[in-house]
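Written out below as structure tokens is the structure these notes cover.
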Amino acid sequence: MSNAKVQPEGEGVQGEGGRPFRSQVSSAIASNSHLLAKAELYFTAFLSMSDMVSDLVMVARYYRNNEISFALASLICLGLNLTIQSAGVFLTKPLDKQLKEQAIVWTLIKPGVDAHRVATKAQTQEGDAISTRADMTVARVIEMVTESIPGTIIQAMAIVATGDLSVTPVVSLTSSILTSAFISAQLSHEWDASQENQQLEPAFYGYLPSSLKWRGFTLLQLFLIASLNLVIRALSFVILSQRSISMVMMVFGGELALYLVVKILRGDFQYWAPIYGPPGVFISFMVRLLIKLCVDWTGCAQFRHQQEVGGLYWSFTLLLTCMIGIVAAPSHGDRTLNIIMGICCAVLLVTYALFLASIERKYVATFFDTRTASEYNASCFLNATSDEMKFETLKVNENLWRDIRNDVKDWLTSRLPIWLEEEPSWLTDYHRSLIPAWAVDDKALLSRIRNKNVETILENRRRSSVANIIGALPNAQTK
């Protein structure tokens, strides 16, 4: 056989300026994908802010109709959303940015601002505890769990209680369902489509098909999965609440308790954010709870990540949704409702099967992965093919890579002199600030790493609202 390289079909065909035609096509696809991603971001922000407005309209309507309990419940959800988002800003932003960021939250424009920052690829600012994309994700999860999902339940219960099927309540209920579903689908879509994520975690990100048409199809499937999850659970909640509140607590509260027990027993309770001590335990509990509720009610595929719910438990949750629906519906005694619930559950399972058949085959296993966050981080570090990929480990809570501390230290010891000599573009001052002092025995080398800009970043963290608990602080991680 000849050793000559066979030229693939289409390669070598020259386009404008002598550029290969396939390269032009790839660039066009990438450009269109980027435009689509930006459109999704802004549309999701529009839906989010519109849903807040529709909730306020319903509050006014409830008050006019003397349905005070529903009005108060809706206001409490909106207030809880804003309060928790405000607390998130307090925890993750430095003091000198608090006034501006708090104003963005309380004027209800945070969804739009976050979307713009991510769409324009705004860099993470000095003193910020989490990235711009992570900040947007946290805000949207808080919104879904504290406002959109409860709003769906409240409005469904109000319709059942009053029998009011007029345009306004039906449109508002539909808005809440569509908003939650699209936010869930868009979050998963946007995180997976990110080229940066695909480069740094290629074993997890990249399940979306390369074809724009098939990408649109998977977005629709994610949207259907989220919508059906929410409809099935909302119907089940309303049905069970008519029997007794204790039944609701037993089913939905028991599901959350089971999840937390499994996390604790597997040593997987600690969240990945670098926050330590009692505040770290509190944050881990709250975020685990928020993420689990988001997965339960919308099936957000992004949170199948091993540092979140985990692949296998994520898939198990979809099955559990169907089981709750099938058990709850017959207790209402309405044959039509039984049929509707059965159809929703069947369509959910079929959609999930089609989704798995539509994505890139090698990523199907990520939806059934059983590894803990510690096992996942160790695997990512040890199997990484570049220093930049390995460096991602340092962004994670040190407790989640405790087993490979010596490997990390040996790697830093061998690579730091080379980095200081070559100055790779990815080794920004932000990255330098993440290198723990205990991992560098050579104090002269440590002083070279921590230049003036790095010291400024560390000082901003010391002055931040979470001083002495954010893991990147020099005194927060000790040997």
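Chain labels A, B, ... are given in the sequence in which chains occur in the structure tokens; within each chain residues are numbered consecutively from 1, and ligands are likewise numbered from 1 in the order shown.
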
>> So that I can see what lies close to region 372-386 of chain A, please list as a PyMOL selection string the residues with an atom at most 6 Å from it, counting only C-alpha atoms and leaving out residues fewer than 3 positions away in the same chain.
In response: chain A and resi 268+306-307+389-390+400-401

If you keep N, CA, C and O atoms, can you produce a file of those selected residues as a compact mmCIF listing (two decimals), in the first residue's frame?
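Output contents, as saved in result_25.txt:
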# COMPACT_ATOMS: atom_id res chain seq x y z
N ASP A 268 -19.45 13.29 48.77
CA ASP A 268 -19.56 14.16 47.60
C ASP A 268 -20.42 15.39 47.90
O ASP A 268 -20.96 16.01 46.99
N GLN A 306 -20.35 16.00 37.04
CA GLN A 306 -20.02 15.25 38.26
C GLN A 306 -19.81 16.16 39.47
O GLN A 306 -19.86 15.69 40.60
N GLN A 307 -19.58 17.45 39.23
CA GLN A 307 -19.46 18.37 40.35
C GLN A 307 -20.81 18.94 40.75
O GLN A 307 -20.89 19.76 41.67
N MET A 389 -5.27 22.87 30.63
CA MET A 389 -6.33 21.99 31.08
C MET A 389 -6.09 21.56 32.53
O MET A 389 -7.02 21.52 33.34
N LYS A 390 -4.83 21.25 32.86
CA LYS A 390 -4.52 20.86 34.23
C LYS A 390 -4.81 21.99 35.21
O LYS A 390 -5.25 21.76 36.34
N LEU A 400 -11.77 18.92 46.89
CA LEU A 400 -12.18 18.04 45.81
C LEU A 400 -11.01 17.56 44.96
O LEU A 400 -11.21 16.88 43.96
N TRP A 401 -9.79 17.94 45.33
CA TRP A 401 -8.61 17.33 44.69
C TRP A 401 -7.52 17.05 45.71
O TRP A 401 -6.34 17.02 45.41

>> Write out as an MDAnalysis selection string the set of residues from region 76-252 of chain A that DSSP, computed on the backbone, places in helix (DSSP H, G or I).
In response: chainID A and resid 76:92 95:106 110:119 132:162 167:193 195:200 212:243 245:252

>> When you look at Pro424 (chain A) with a cut-off of 12 Å (counting only C-alpha atoms), what residues show up, excluding the ones that are within fewer than 5 positions of it in the same chain? I need them as a ChimeraX atom specification.
In response: /A:386-388,415-419,429,431-432

Once you count only C-alpha atoms, what closest atom pair and distance in Å to one decimal does each residue of region 150-219 of chain A within 12 Å of region 340-352 of chain A have, with rows by chain and rising residue number, as a Markdown table?
| residue | atom | partner | partner_atom | distance |
| --- | --- | --- | --- | --- |
| A:Phe217 | CA | A:Thr351 | CA | 11.0 |
| A:Thr218 | CA | A:Thr351 | CA | 9.9 |
| A:Leu219 | CA | A:Thr351 | CA | 11.6 |

Return as CSV the residues of region 38-128 of chain A lying at most 8 Å from region 138-161 of chain A, together with the closest atom-to-atom pair for each and the distance in Å to one decimal, counting only C-alpha atoms, with rows in chain order and ascending residue number.
residue,atom,partner,partner_atom,distance
A:Asp51,CA,A:Ser148,CA,7.6
A:Asp55,CA,A:Gly151,CA,7.5
A:Phe70,CA,A:Ile154,CA,6.6
A:Ala73,CA,A:Ile154,CA,7.3
A:Ser74,CA,A:Gly151,CA,6.4
A:Cys77,CA,A:Glu147,CA,5.1
A:Leu78,CA,A:Glu147,CA,5.7
A:Leu80,CA,A:Thr146,CA,6.4
A:Asn81,CA,A:Thr146,CA,5.2
A:Ile84,CA,A:Ile142,CA,7.3
A:Gln85,CA,A:Ala139,CA,6.3
A:Pro111,CA,A:Arg140,CA,7.6

> Which of these residues is nearest to Val89 (chain A), using only C-alpha atoms: A:Met136, A:Val248, A:Leu354, A:Ala203?
Replying inline: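 Of A:Met136, A:Val248, A:Leu354, A:Ala203, the one nearest Val89 (chain A) is A:Met136, counting only C-alpha atoms.
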
>> Please compute the CA of Pro202 (chain A)-CA of Lys362 (chain A) distance, one decimal, in Å.
In response: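 These atoms are spaced 10.8 Å apart.
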
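Distance-wise, CA of Trp314 (chain A) and CA of Lys292 (chain A) end up 9.1 Å apart.
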